[in-house]
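**Student:** The file below is protein03.tsv, TSV, C-alpha atoms:
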```
chain	number	residue	atom	x	y	z
A	877	MET	CA	-21.33	-5.15	-137.16
A	878	THR	CA	-21.19	-5.03	-140.98
A	879	ASN	CA	-18.10	-4.05	-142.92
A	880	TYR	CA	-18.51	-1.90	-146.10
A	881	THR	CA	-17.93	-3.87	-149.30
A	882	LYS	CA	-17.73	-2.04	-152.65
A	883	SER	CA	-20.16	-3.42	-155.25
A	884	THR	CA	-18.88	-1.54	-158.39
A	885	ASN	CA	-15.25	-0.84	-159.37
A	886	PHE	CA	-15.60	2.60	-160.91
A	887	ALA	CA	-11.84	2.93	-161.57
A	888	THR	CA	-11.88	0.19	-164.24
A	889	LYS	CA	-14.38	2.23	-166.33
A	890	ASP	CA	-11.65	4.80	-167.08
A	891	ALA	CA	-9.70	2.27	-169.16
A	892	LEU	CA	-12.67	1.32	-171.36
A	893	ALA	CA	-12.99	2.73	-174.91
A	894	SER	CA	-15.51	5.41	-175.70
A	895	GLY	CA	-18.81	3.95	-176.68
A	896	ASN	CA	-18.40	0.89	-174.45
A	897	ALA	CA	-21.64	0.44	-172.59
A	898	LEU	CA	-19.72	-0.51	-169.39
A	899	LYS	CA	-17.99	2.90	-169.41
A	900	ILE	CA	-21.28	4.49	-168.39
A	901	VAL	CA	-21.78	5.21	-164.64
A	902	LYS	CA	-25.33	4.24	-163.75
A	903	GLY	CA	-27.42	5.80	-161.03
A	904	THR	CA	-28.35	2.34	-159.73
A	905	GLU	CA	-24.66	1.58	-159.18
A	906	ILE	CA	-24.16	4.79	-157.22
A	907	ASP	CA	-27.34	4.13	-155.22
A	908	THR	CA	-26.12	0.61	-154.32
A	909	GLU	CA	-22.79	1.95	-153.09
A	910	PHE	CA	-24.43	4.57	-150.89
A	911	ASN	CA	-26.78	1.94	-149.44
A	912	ASN	CA	-23.78	-0.27	-148.59
A	913	ILE	CA	-22.05	2.67	-146.92
A	914	ALA	CA	-25.20	3.58	-144.92
A	915	THR	CA	-25.59	-0.03	-143.71
A	916	ALA	CA	-21.95	-0.27	-142.61
A	917	VAL	CA	-22.05	3.06	-140.79
A	918	ALA	CA	-25.31	2.23	-139.02
A	919	THR	CA	-23.91	-1.03	-137.61
A	920	LYS	CA	-20.50	0.27	-136.49
A	921	ALA	CA	-19.74	1.52	-132.93
A	922	ASP	CA	-19.25	5.21	-132.35
A	923	SER	CA	-15.78	6.38	-131.28
A	924	ALA	CA	-17.34	8.47	-128.48
A	925	SER	CA	-19.35	6.58	-125.81
A	926	PRO	CA	-20.01	3.50	-127.94
A	927	THR	CA	-22.50	0.81	-126.97
A	928	PHE	CA	-21.56	-2.80	-127.71
A	929	THR	CA	-24.03	-5.67	-127.95
A	930	GLY	CA	-23.42	-9.41	-128.18
A	931	THR	CA	-19.88	-10.78	-127.81
A	932	THR	CA	-17.12	-8.21	-128.28
A	933	THR	CA	-13.54	-9.37	-128.90
A	934	ILE	CA	-10.63	-6.98	-128.26
A	935	ALA	CA	-7.14	-8.39	-128.72
A	936	THR	CA	-5.32	-5.86	-126.50
A	937	LEU	CA	-7.26	-3.56	-124.16
A	938	ALA	CA	-5.87	-0.53	-122.32
A	939	VAL	CA	-8.29	1.12	-119.88
A	940	THR	CA	-7.47	4.52	-118.38
A	941	GLY	CA	-9.49	6.98	-116.34
A	942	ALA	CA	-12.86	6.09	-114.80
A	943	SER	CA	-14.49	3.02	-116.31
A	944	THR	CA	-17.82	1.40	-115.50
A	945	LEU	CA	-18.62	-2.26	-116.12
A	946	THR	CA	-22.28	-3.28	-115.82
A	947	GLY	CA	-23.99	-6.59	-116.46
A	948	ALA	CA	-21.94	-9.74	-117.16
A	949	SER	CA	-18.46	-8.80	-118.44
A	950	THR	CA	-15.58	-11.13	-119.27
A	951	LEU	CA	-12.04	-9.91	-119.92
A	952	THR	CA	-9.80	-12.36	-121.80
A	953	GLY	CA	-6.41	-12.04	-123.42
A	954	VAL	CA	-4.07	-9.19	-122.48
A	955	ALA	CA	-5.78	-6.35	-120.60
A	956	THR	CA	-3.97	-3.34	-119.14
A	957	LEU	CA	-5.79	-1.39	-116.43
A	958	SER	CA	-4.17	1.85	-115.28
A	959	SER	CA	-4.98	5.02	-113.36
A	960	GLN	CA	-7.92	4.93	-110.94
A	961	PRO	CA	-10.57	4.07	-110.12
A	962	ILE	CA	-10.37	0.75	-111.99
A	963	LEU	CA	-14.04	-0.02	-111.34
A	964	SER	CA	-16.14	2.88	-110.18
A	965	SER	CA	-19.22	0.74	-109.56
A	966	LEU	CA	-20.43	-2.76	-110.21
A	967	THR	CA	-24.06	-2.40	-109.12
A	968	ALA	CA	-25.80	-0.33	-106.49
A	969	SER	CA	-25.30	-2.97	-103.77
A	970	LYS	CA	-21.87	-4.37	-104.71
A	971	PRO	CA	-18.44	-3.12	-103.57
A	972	VAL	CA	-16.65	-0.28	-105.32
A	973	PHE	CA	-12.94	-0.83	-106.01
A	974	THR	CA	-10.05	1.53	-106.62
A	975	ASP	CA	-6.41	1.00	-107.59
A	976	ALA	CA	-4.28	1.74	-104.52
A	977	SER	CA	-0.68	1.35	-105.75
A	978	LYS	CA	-1.72	-1.51	-108.00
A	979	GLY	CA	-3.72	-3.23	-105.24
A	980	LEU	CA	-7.49	-3.53	-105.14
A	981	VAL	CA	-9.06	-1.84	-102.11
A	982	SER	CA	-12.77	-1.95	-101.29
A	983	THR	CA	-14.23	1.43	-100.41
A	984	GLY	CA	-17.87	0.74	-101.14
A	985	THR	CA	-20.81	-0.90	-99.41
A	986	LEU	CA	-21.45	-4.61	-99.10
A	987	GLY	CA	-25.17	-4.95	-99.68
A	988	ALA	CA	-27.70	-6.90	-97.61
A	989	ASP	CA	-27.74	-9.65	-100.24
A	990	GLN	CA	-24.04	-10.13	-99.48
A	991	GLY	CA	-24.56	-10.53	-95.72
A	992	GLY	CA	-23.63	-7.12	-94.31
A	993	THR	CA	-23.89	-3.35	-94.43
A	994	GLY	CA	-20.27	-2.70	-95.42
A	995	VAL	CA	-17.70	-0.14	-94.37
A	996	ALA	CA	-15.10	2.06	-95.98
A	997	ASN	CA	-11.61	0.59	-95.94
A	998	ASN	CA	-10.34	3.35	-93.63
A	999	ALA	CA	-13.27	3.33	-91.21
A	1000	ALA	CA	-13.99	1.30	-88.04
A	1001	MET	CA	-15.26	-2.10	-89.12
A	1002	THR	CA	-18.39	-3.80	-87.80
A	1003	VAL	CA	-19.26	-7.25	-89.15
A	1004	THR	CA	-22.74	-8.49	-88.33
A	1005	GLY	CA	-24.31	-11.68	-89.59
A	1006	SER	CA	-27.21	-13.98	-88.78
A	1007	GLY	CA	-28.84	-17.07	-90.19
A	1008	ASN	CA	-27.24	-18.13	-93.46
A	1009	PHE	CA	-24.95	-15.08	-93.26
A	1010	ALA	CA	-23.51	-15.83	-89.80
A	1011	TYR	CA	-19.87	-14.78	-89.65
A	1012	THR	CA	-17.26	-17.46	-88.97
A	1013	ARG	CA	-13.52	-16.79	-89.04
A	1014	THR	CA	-11.09	-19.70	-88.83
A	1015	LEU	CA	-7.39	-19.09	-88.23
A	1016	THR	CA	-4.93	-21.88	-88.96
A	1017	GLY	CA	-1.21	-22.26	-88.52
A	1018	THR	CA	0.84	-19.89	-86.37
A	1019	THR	CA	-1.35	-16.81	-86.09
A	1020	ASN	CA	-1.06	-13.75	-83.86
A	1021	VAL	CA	-4.24	-11.83	-83.05
A	1022	THR	CA	-3.83	-8.38	-81.46
A	1023	LEU	CA	-6.86	-7.14	-79.54
A	1024	PRO	CA	-7.56	-3.50	-78.56
A	1025	THR	CA	-6.58	-2.41	-75.05
A	1026	THR	CA	-9.83	-0.49	-74.49
A	1027	GLY	CA	-13.48	-1.13	-75.21
A	1028	THR	CA	-15.60	-4.25	-74.86
A	1029	LEU	CA	-14.05	-7.38	-76.31
A	1030	ALA	CA	-17.13	-9.61	-76.21
A	1031	THR	CA	-20.44	-10.11	-74.45
A	1032	LEU	CA	-21.38	-13.78	-74.39
A	1033	SER	CA	-24.67	-15.14	-73.10
A	1034	GLY	CA	-23.74	-18.80	-73.45
A	1035	THR	CA	-21.26	-21.02	-71.61
A	1036	GLU	CA	-17.70	-20.90	-72.87
A	1037	THR	CA	-14.98	-23.50	-72.23
A	1038	PHE	CA	-11.32	-22.48	-72.07
A	1039	THR	CA	-8.65	-25.17	-72.41
A	1040	ASN	CA	-4.96	-24.62	-71.58
A	1041	LYS	CA	-5.43	-20.87	-71.14
A	1042	THR	CA	-3.55	-18.62	-68.71
A	1043	LEU	CA	-5.33	-15.65	-67.12
A	1044	THR	CA	-3.01	-13.02	-65.66
A	1045	SER	CA	-4.46	-10.83	-62.88
A	1046	PRO	CA	-8.10	-11.47	-63.86
A	1047	THR	CA	-11.04	-9.84	-62.12
A	1048	ILE	CA	-13.75	-12.44	-61.40
A	1049	ASN	CA	-17.19	-11.15	-60.43
A	1050	SER	CA	-19.68	-13.48	-58.69
A	1051	PRO	CA	-17.82	-16.68	-59.60
A	1052	THR	CA	-19.21	-20.19	-59.28
A	1053	ILE	CA	-17.53	-23.58	-59.20
A	1054	GLY	CA	-19.55	-26.40	-60.72
A	1055	GLY	CA	-22.62	-24.16	-60.52
A	1056	THR	CA	-22.10	-23.39	-56.80
A	1057	PRO	CA	-21.49	-19.74	-55.81
A	1058	VAL	CA	-18.19	-19.21	-54.03
A	1059	ILE	CA	-17.33	-16.80	-51.23
A	1060	GLY	CA	-16.31	-13.36	-52.49
A	1061	ALA	CA	-13.74	-13.67	-55.25
A	1062	SER	CA	-12.12	-16.79	-53.74
A	1063	LEU	CA	-12.52	-20.35	-54.97
A	1064	ILE	CA	-13.89	-21.72	-51.69
A	1065	ALA	CA	-17.57	-22.58	-51.37
A	1066	ARG	CA	-19.32	-22.75	-48.00
A	1067	GLY	CA	-22.26	-24.93	-47.02
A	1068	THR	CA	-25.20	-24.05	-44.80
A	1069	VAL	CA	-24.51	-24.13	-41.07
A	1070	VAL	CA	-26.36	-26.88	-39.15
A	1071	ALA	CA	-27.25	-26.72	-35.44
A	1072	SER	CA	-25.75	-29.76	-33.69
A	1073	THR	CA	-28.38	-29.80	-30.94
A	1074	SER	CA	-30.21	-33.06	-31.65
A	1075	GLY	CA	-30.02	-36.41	-33.41
A	1076	THR	CA	-27.16	-38.84	-33.91
A	1077	THR	CA	-26.11	-37.70	-37.44
A	1078	ILE	CA	-25.53	-34.45	-39.28
A	1079	ASP	CA	-25.30	-34.82	-43.07
A	1080	PHE	CA	-23.95	-32.68	-45.89
A	1081	GLY	CA	-25.04	-34.23	-49.19
A	1082	SER	CA	-25.01	-33.55	-52.94
A	1083	LEU	CA	-21.41	-32.31	-52.84
A	1084	PRO	CA	-19.86	-31.35	-56.22
A	1085	SER	CA	-17.67	-33.94	-57.92
A	1086	TRP	CA	-14.79	-31.47	-58.39
A	1087	ILE	CA	-14.09	-31.12	-54.64
A	1088	LYS	CA	-10.47	-31.74	-53.62
A	1089	ARG	CA	-10.56	-30.54	-50.00
A	1090	ILE	CA	-13.24	-30.18	-47.30
A	1091	THR	CA	-12.89	-28.25	-44.06
A	1092	VAL	CA	-15.34	-29.32	-41.33
A	1093	MET	CA	-15.86	-26.53	-38.79
A	1094	PHE	CA	-17.08	-27.15	-35.22
A	1095	SER	CA	-18.30	-24.49	-32.82
A	1096	GLY	CA	-19.16	-25.58	-29.27
A	1097	VAL	CA	-20.23	-29.08	-30.34
A	1098	SER	CA	-21.27	-31.42	-27.52
A	1099	ILE	CA	-22.33	-35.09	-27.33
A	1100	SER	CA	-24.82	-36.30	-24.73
A	1101	GLY	CA	-22.65	-39.27	-23.55
A	1102	THR	CA	-19.09	-40.53	-23.69
A	1103	ALA	CA	-19.04	-41.42	-27.41
A	1104	HIS	CA	-16.47	-39.87	-29.73
A	1105	LEU	CA	-16.91	-37.74	-32.88
A	1106	LEU	CA	-16.91	-39.81	-36.07
A	1107	LEU	CA	-16.62	-38.34	-39.58
A	1108	GLN	CA	-17.66	-40.47	-42.55
A	1109	ILE	CA	-17.41	-39.63	-46.25
A	1110	GLY	CA	-19.17	-41.53	-48.98
A	1111	THR	CA	-20.12	-41.99	-52.60
A	1112	GLY	CA	-23.46	-42.47	-54.34
A	1113	GLY	CA	-25.24	-40.62	-51.52
A	1114	THR	CA	-24.31	-43.23	-48.89
A	1115	PRO	CA	-21.63	-42.75	-46.19
A	1116	THR	CA	-18.82	-45.31	-46.20
A	1117	THR	CA	-18.72	-47.13	-42.82
A	1118	SER	CA	-15.65	-49.35	-43.15
A	1119	GLY	CA	-12.07	-49.35	-44.42
A	1120	TYR	CA	-10.83	-46.33	-42.44
A	1121	VAL	CA	-7.45	-46.23	-40.74
A	1122	SER	CA	-7.96	-43.54	-38.12
A	1123	SER	CA	-6.79	-42.58	-34.63
A	1124	SER	CA	-7.06	-39.65	-32.23
A	1125	LEU	CA	-5.35	-38.44	-29.08
A	1126	SER	CA	-6.60	-36.05	-26.39
A	1127	PHE	CA	-4.06	-33.92	-24.60
A	1128	ALA	CA	-6.12	-33.35	-21.45
A	1129	SER	CA	-5.50	-32.27	-17.86
A	1130	ALA	CA	-6.56	-35.75	-16.76
A	1131	GLY	CA	-4.09	-37.56	-19.06
A	1132	SER	CA	-3.67	-38.39	-22.74
A	1133	PRO	CA	-6.31	-40.97	-23.71
A	1134	SER	CA	-6.49	-42.15	-27.31
A	1135	VAL	CA	-8.95	-43.93	-29.58
A	1136	SER	CA	-8.89	-45.56	-33.04
A	1137	SER	CA	-11.57	-46.57	-35.55
A	1138	THR	CA	-12.14	-48.33	-38.89
A	1139	SER	CA	-15.70	-47.01	-39.17
A	1140	GLY	CA	-14.79	-43.37	-39.77
A	1141	TYR	CA	-12.35	-40.59	-39.02
A	1142	VAL	CA	-12.47	-40.58	-35.19
A	1143	PHE	CA	-11.82	-37.66	-32.82
A	1144	TYR	CA	-11.67	-38.26	-29.08
A	1145	ASP	CA	-14.39	-36.77	-26.87
A	1146	GLY	CA	-15.19	-39.03	-23.91
A	1147	SER	CA	-17.07	-36.54	-21.73
A	1148	ALA	CA	-20.70	-35.44	-21.83
A	1149	THR	CA	-19.78	-32.05	-20.39
A	1150	GLN	CA	-17.09	-31.31	-22.94
A	1151	THR	CA	-17.70	-29.01	-25.95
A	1152	LEU	CA	-15.33	-28.95	-28.93
A	1153	SER	CA	-14.44	-26.20	-31.40
A	1154	GLY	CA	-11.97	-26.21	-34.32
A	1155	ASN	CA	-11.36	-27.50	-37.84
A	1156	ILE	CA	-10.92	-30.94	-39.37
A	1157	ILE	CA	-9.54	-31.00	-42.94
A	1158	ILE	CA	-10.24	-33.87	-45.38
A	1159	SER	CA	-8.03	-33.83	-48.51
A	1160	ASN	CA	-7.99	-35.84	-51.74
A	1161	ILE	CA	-4.52	-37.36	-52.11
A	1162	THR	CA	-5.17	-39.29	-55.35
A	1163	SER	CA	-8.11	-40.73	-57.28
A	1164	ASN	CA	-10.76	-41.53	-54.61
A	1165	THR	CA	-8.37	-41.80	-51.64
A	1166	TRP	CA	-8.84	-39.21	-48.92
A	1167	VAL	CA	-6.76	-38.30	-45.87
A	1168	THR	CA	-7.70	-36.22	-42.84
A	1169	SER	CA	-6.13	-34.29	-39.99
A	1170	GLY	CA	-7.55	-31.88	-37.47
A	1171	ASN	CA	-7.31	-30.08	-34.15
A	1172	LEU	CA	-10.20	-29.47	-31.75
A	1173	GLY	CA	-10.06	-27.57	-28.45
A	1174	THR	CA	-12.44	-27.76	-25.51
A	1175	THR	CA	-14.53	-24.73	-24.67
A	1176	ALA	CA	-16.24	-26.35	-21.67
A	1177	GLY	CA	-15.48	-29.25	-19.32
A	1178	GLN	CA	-11.91	-30.36	-18.79
A	1179	VAL	CA	-9.11	-28.53	-20.62
A	1180	ALA	CA	-8.02	-30.59	-23.65
A	1181	VAL	CA	-6.73	-30.38	-27.20
A	1182	VAL	CA	-7.82	-33.21	-29.51
A	1183	VAL	CA	-5.79	-34.20	-32.57
A	1184	GLY	CA	-6.55	-36.88	-35.11
A	1185	ALA	CA	-5.66	-38.22	-38.55
A	1186	GLY	CA	-6.61	-41.02	-40.92
A	1187	THR	CA	-7.21	-42.27	-44.45
A	1188	VAL	CA	-9.81	-44.16	-46.51
A	1189	ALA	CA	-10.20	-45.27	-50.14
A	1190	LEU	CA	-13.74	-44.76	-51.46
A	1191	GLY	CA	-15.35	-46.92	-54.12
A	1192	GLY	CA	-16.29	-43.87	-56.23
A	1193	VAL	CA	-16.36	-40.07	-56.32
A	1194	LEU	CA	-17.01	-38.39	-52.97
A	1195	ASP	CA	-20.43	-36.72	-52.85
A	1196	ASN	CA	-21.51	-36.73	-49.17
A	1197	LEU	CA	-20.18	-36.26	-45.63
A	1198	ARG	CA	-21.67	-37.33	-42.28
A	1199	ILE	CA	-20.77	-36.33	-38.71
A	1200	THR	CA	-22.02	-38.89	-36.21
A	1201	THR	CA	-21.20	-40.47	-32.82
A	1202	SER	CA	-18.97	-43.49	-32.43
A	1203	ASN	CA	-21.60	-45.64	-30.69
A	1204	GLY	CA	-24.49	-44.43	-32.86
A	1205	THR	CA	-26.76	-43.84	-29.85
A	1206	ASP	CA	-25.36	-40.76	-28.07
A	1207	THR	CA	-26.87	-37.58	-29.56
A	1208	PHE	CA	-25.64	-34.09	-30.29
A	1209	ASP	CA	-26.89	-31.56	-27.73
A	1210	ALA	CA	-25.07	-28.25	-28.37
A	1211	GLY	CA	-23.22	-26.14	-30.91
A	1212	SER	CA	-23.17	-25.91	-34.70
A	1213	ILE	CA	-21.30	-27.47	-37.66
A	1214	ASN	CA	-20.60	-26.25	-41.20
A	1215	ILE	CA	-18.27	-27.14	-44.08
A	1216	MET	CA	-16.20	-25.31	-46.65
A	1217	TYR	CA	-14.99	-27.07	-49.80
A	1218	GLU	CA	-12.67	-26.28	-52.65
```
Would you give me this structure, written as structure tokens?
**Tutor:**
Amino acid sequence: MTNYTKSTNFATKDALASGNALKIVKGTEIDTEFNNIATAVATKADSASPTFTGTTTIATLAVTGASTLTGASTLTGVATLSSQPILSSLTASKPVFTDASKGLVSTGTLGADQGGTGVANNAAMTVTGSGNFAYTRTLTGTTNVTLPTTGTLATLSGTETFTNKTLTSPTINSPTIGGTPVIGASLIARGTVVASTSGTTIDFGSLPSWIKRITVMFSGVSISGTAHLLLQIGTGGTPTTSGYVSSSLSFASAGSPSVSSTSGYVFYDGSATQTLSGNIIISNITSNTWVTSGNLGTTAGQVAVVVGAGTVALGGVLDNLRITTSNGTDTFDAGSINIMYE
């Protein structure tokens, strides 16, 4: 902008004597003054809707009513902004702000170049992001998060890990443990029943490493000779055949014979005509040490109830179980066996 500067001091001519050549007002002097005035006026801002170019310096600024800032604007010094809206629009895709009791509140739209579609401040909020605009929110310190009591909280397709979390009265649909489906909504998985009608061994392998208890279930199981039932657990896919401390007693009509073994958890049989039914439970007491106890009743042959117990320390994590005969030659000839584990 150009300020008007007077070129000729016409007031001094009044004090000059008549006949002084300088007392004369020349047309060129008047023309120069009007040109200076025209230049100053043409380069000054209008008082109504002015347009500023270049760098504009305002010592103290008071803005009232609706004001629009476009392009790059810098406010320095003391600026007073009152009334509302403070900023009616920045650009077509940037937020609009208003003064809500001296606080800035977004009521506009966050454009696609800002990573979203935006919402009004009093509307339901949906934040969606992908790629470089993926949305991450990190809460630090002591923070309370209140979630709605209705609606869908989250739908996750990946695997989530919860640590030190408490679930109160949860509903679990089609649960699995270690990738193995469990029965109903319980936390007990069941194996596949095996007919104990041939062979000297029945194996259950590839057991999950998280197992803490196994229930071995017998239904009408019979051995071809006088050998006893022997349960062996193992690690690395191989049954452990030594180190057991195990014994069993048969409460039978013919007496109370007993048997012990270091080759496995033993349960007295002793009769080719006898069939046994019941459960034997093997539990993890600590680390890789396992204890067992069980009760079997006869369903054929002499009347008897067989009890047994024992312990063994494995060299690694339990991953297989074998049911065999104590002499390794008598075979299974009737019934079925299955396991449940948890």
**Student:** Between atom CA of Val1193 of chain A and atom CA of Gly1110 of chain A, what is the distance in Å, rounded to a tenth?
**Tutor:**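 Interatomic distance here is 8.0 Å.
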**Student:** Have a look at A:Phe1143, A:Asp1206, A:Ile1109, A:Gly1170 and name the one nearest to Leu1190 of chain A; count only C-alpha atoms.
**Tutor:**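 Smallest distance to Leu1190 of chain A is found for A:Ile1109.
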**Student:** If we count all atoms listed in the file, what is near Thr1201 of chain A at a cut-off of 12 Å, once residues fewer than 4 positions away on the same chain are taken out, given as a VMD selection string?
**Tutor:** chain A and resid 1072 1074 to 1078 1097 to 1108 1137 1139 to 1146 1205 to 1209
**Student:** Convert the current residue selection to file output with C-alpha atoms, as a CSV table (one decimal), in the coordinates of the input.
**Tutor:**
```csv
chain,number,residue,atom,x,y,z
A,1072,SER,CA,-25.8,-29.8,-33.7
A,1074,SER,CA,-30.2,-33.1,-31.6
A,1075,GLY,CA,-30.0,-36.4,-33.4
A,1076,THR,CA,-27.2,-38.8,-33.9
A,1077,THR,CA,-26.1,-37.7,-37.4
A,1078,ILE,CA,-25.5,-34.4,-39.3
A,1097,VAL,CA,-20.2,-29.1,-30.3
A,1098,SER,CA,-21.3,-31.4,-27.5
A,1099,ILE,CA,-22.3,-35.1,-27.3
A,1100,SER,CA,-24.8,-36.3,-24.7
A,1101,GLY,CA,-22.6,-39.3,-23.6
A,1102,THR,CA,-19.1,-40.5,-23.7
A,1103,ALA,CA,-19.0,-41.4,-27.4
A,1104,HIS,CA,-16.5,-39.9,-29.7
A,1105,LEU,CA,-16.9,-37.7,-32.9
A,1106,LEU,CA,-16.9,-39.8,-36.1
A,1107,LEU,CA,-16.6,-38.3,-39.6
A,1108,GLN,CA,-17.7,-40.5,-42.6
A,1137,SER,CA,-11.6,-46.6,-35.6
A,1139,SER,CA,-15.7,-47.0,-39.2
A,1140,GLY,CA,-14.8,-43.4,-39.8
A,1141,TYR,CA,-12.4,-40.6,-39.0
A,1142,VAL,CA,-12.5,-40.6,-35.2
A,1143,PHE,CA,-11.8,-37.7,-32.8
A,1144,TYR,CA,-11.7,-38.3,-29.1
A,1145,ASP,CA,-14.4,-36.8,-26.9
A,1146,GLY,CA,-15.2,-39.0,-23.9
A,1205,THR,CA,-26.8,-43.8,-29.8
A,1206,ASP,CA,-25.4,-40.8,-28.1
A,1207,THR,CA,-26.9,-37.6,-29.6
A,1208,PHE,CA,-25.6,-34.1,-30.3
A,1209,ASP,CA,-26.9,-31.6,-27.7
```
**Student:** Grab the atom CA of Ser1202 of chain A to atom CA of Phe1094 of chain A distance for me, in Å with one decimal place.
**Tutor:**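 Going from atom CA of Ser1202 of chain A over to atom CA of Phe1094 of chain A covers 16.7 Å.
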**Student:** How far is it from atom CA of Ser1095 of chain A to atom CA of Val1135 of chain A, in Å with one decimal?
**Tutor:**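 One can read the atom CA of Ser1095 of chain A to atom CA of Val1135 of chain A distance as 21.8 Å.
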**Student:** Every residue with an atom at most 12 Å from (-21.8, -34.3, -53.5) (file coordinates; only C-alpha atoms) is what I'm after, so could you write them as a PDB file with C-alpha atoms, in the coordinates of the input?
**Tutor:**
```pdb
ATOM      1  CA  GLY A1054     -19.550 -26.400 -60.720  1.00  0.00           C
ATOM      2  CA  THR A1056     -22.100 -23.390 -56.800  1.00  0.00           C
ATOM      3  CA  GLY A1067     -22.260 -24.930 -47.020  1.00  0.00           C
ATOM      4  CA  ASP A1079     -25.300 -34.820 -43.070  1.00  0.00           C
ATOM      5  CA  PHE A1080     -23.950 -32.680 -45.890  1.00  0.00           C
ATOM      6  CA  GLY A1081     -25.040 -34.230 -49.190  1.00  0.00           C
ATOM      7  CA  SER A1082     -25.010 -33.550 -52.940  1.00  0.00           C
ATOM      8  CA  LEU A1083     -21.410 -32.310 -52.840  1.00  0.00           C
ATOM      9  CA  PRO A1084     -19.860 -31.350 -56.220  1.00  0.00           C
ATOM     10  CA  SER A1085     -17.670 -33.940 -57.920  1.00  0.00           C
ATOM     11  CA  TRP A1086     -14.790 -31.470 -58.390  1.00  0.00           C
ATOM     12  CA  ILE A1087     -14.090 -31.120 -54.640  1.00  0.00           C
ATOM     13  CA  LYS A1088     -10.470 -31.740 -53.620  1.00  0.00           C
ATOM     14  CA  ILE A1090     -13.240 -30.180 -47.300  1.00  0.00           C
ATOM     15  CA  ILE A1109     -17.410 -39.630 -46.250  1.00  0.00           C
ATOM     16  CA  GLY A1110     -19.170 -41.530 -48.980  1.00  0.00           C
ATOM     17  CA  THR A1111     -20.120 -41.990 -52.600  1.00  0.00           C
ATOM     18  CA  GLY A1112     -23.460 -42.470 -54.340  1.00  0.00           C
ATOM     19  CA  GLY A1113     -25.240 -40.620 -51.520  1.00  0.00           C
ATOM     20  CA  THR A1114     -24.310 -43.230 -48.890  1.00  0.00           C
ATOM     21  CA  PRO A1115     -21.630 -42.750 -46.190  1.00  0.00           C
ATOM     22  CA  GLY A1192     -16.290 -43.870 -56.230  1.00  0.00           C
ATOM     23  CA  VAL A1193     -16.360 -40.070 -56.320  1.00  0.00           C
ATOM     24  CA  LEU A1194     -17.010 -38.390 -52.970  1.00  0.00           C
ATOM     25  CA  ASP A1195     -20.430 -36.720 -52.850  1.00  0.00           C
ATOM     26  CA  ASN A1196     -21.510 -36.730 -49.170  1.00  0.00           C
ATOM     27  CA  LEU A1197     -20.180 -36.260 -45.630  1.00  0.00           C
ATOM     28  CA  ARG A1198     -21.670 -37.330 -42.280  1.00  0.00           C
ATOM     29  CA  TYR A1217     -14.990 -27.070 -49.800  1.00  0.00           C
TER      30      TYR A1217
END
```
**Student:** Find the residues around Ile1156 of chain A up to 6 Å (only C-alpha atoms counted), leave out those fewer than 5 positions away in its own chain, and share them as a PyMOL selection string.
**Tutor:** chain A and resi 1091-1092+1169-1170
**Student:** Rank nothing, just name the residue among A:Pro1046, A:Gly1027, A:Gly903, A:Gly1154 nearest to Gly1211 of chain A, using only C-alpha atoms.
**Tutor:**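 For Gly1211 of chain A, the nearest of the candidates is A:Gly1154.
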**Student:** Using only C-alpha atoms, find the one residue out of A:Gly1017, A:Gly895, A:Gly1131, A:Gly1119 that sits nearest to Trp1166 of chain A.
**Tutor:**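 Closest residue, counting only C-alpha atoms: A:Gly1119.
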**Student:** Box in all listed atoms of segment 1066-1075 of chain A, axis-aligned, with 5 Å more on each side; write out centre and edge lengths in Å to one decimal as JSON.
**Tutor:**
```
{"center_x": -24.8, "center_y": -29.6, "center_z": -39.5, "size_x": 20.9, "size_y": 23.7, "size_z": 27.1}
```
**Student:** Go through A:Val1182, A:Ile934, A:Ile1213, A:Val917 one by one, measure the shortest atom-to-atom distance of each to Thr1073 of chain A using all atoms listed in the file, and give the residue with the smallest value.
**Tutor:**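 Comparing A:Val1182, A:Ile934, A:Ile1213, A:Val917 against Thr1073 of chain A, the winner is A:Ile1213.
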**Student:** Would you mind putting N, CA and C atoms back on segment 1016-1023 of chain A and writing the result as an mmCIF file, keeping the file's coordinate frame?
**Tutor:**
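So part-v3.cif came out as:
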```
data_model
loop_
_atom_site.group_PDB
_atom_site.id
_atom_site.type_symbol
_atom_site.label_atom_id
_atom_site.label_comp_id
_atom_site.auth_asym_id
_atom_site.auth_seq_id
_atom_site.Cartn_x
_atom_site.Cartn_y
_atom_site.Cartn_z
ATOM 1 N N THR A 1016 -5.723 -20.660 -89.012
ATOM 2 C CA THR A 1016 -4.930 -21.880 -88.960
ATOM 3 C C THR A 1016 -3.448 -21.523 -88.960
ATOM 4 N N GLY A 1017 -2.644 -22.502 -88.561
ATOM 5 C CA GLY A 1017 -1.210 -22.260 -88.520
ATOM 6 C C GLY A 1017 -0.834 -21.356 -87.357
ATOM 7 N N THR A 1018 0.364 -20.802 -87.411
ATOM 8 C CA THR A 1018 0.840 -19.890 -86.370
ATOM 9 C C THR A 1018 0.298 -18.497 -86.655
ATOM 10 N N THR A 1019 -0.652 -18.063 -85.831
ATOM 11 C CA THR A 1019 -1.350 -16.810 -86.090
ATOM 12 C C THR A 1019 -1.366 -15.963 -84.836
ATOM 13 N N ASN A 1020 -0.986 -14.698 -84.970
ATOM 14 C CA ASN A 1020 -1.060 -13.750 -83.860
ATOM 15 C C ASN A 1020 -2.268 -12.846 -84.057
ATOM 16 N N VAL A 1021 -3.076 -12.710 -83.014
ATOM 17 C CA VAL A 1021 -4.240 -11.830 -83.050
ATOM 18 C C VAL A 1021 -4.041 -10.760 -81.985
ATOM 19 N N THR A 1022 -4.002 -9.493 -82.390
ATOM 20 C CA THR A 1022 -3.830 -8.380 -81.460
ATOM 21 C C THR A 1022 -5.186 -7.743 -81.197
ATOM 22 N N LEU A 1023 -5.573 -7.674 -79.932
ATOM 23 C CA LEU A 1023 -6.860 -7.140 -79.540
ATOM 24 C C LEU A 1023 -6.674 -5.722 -78.977
#
```
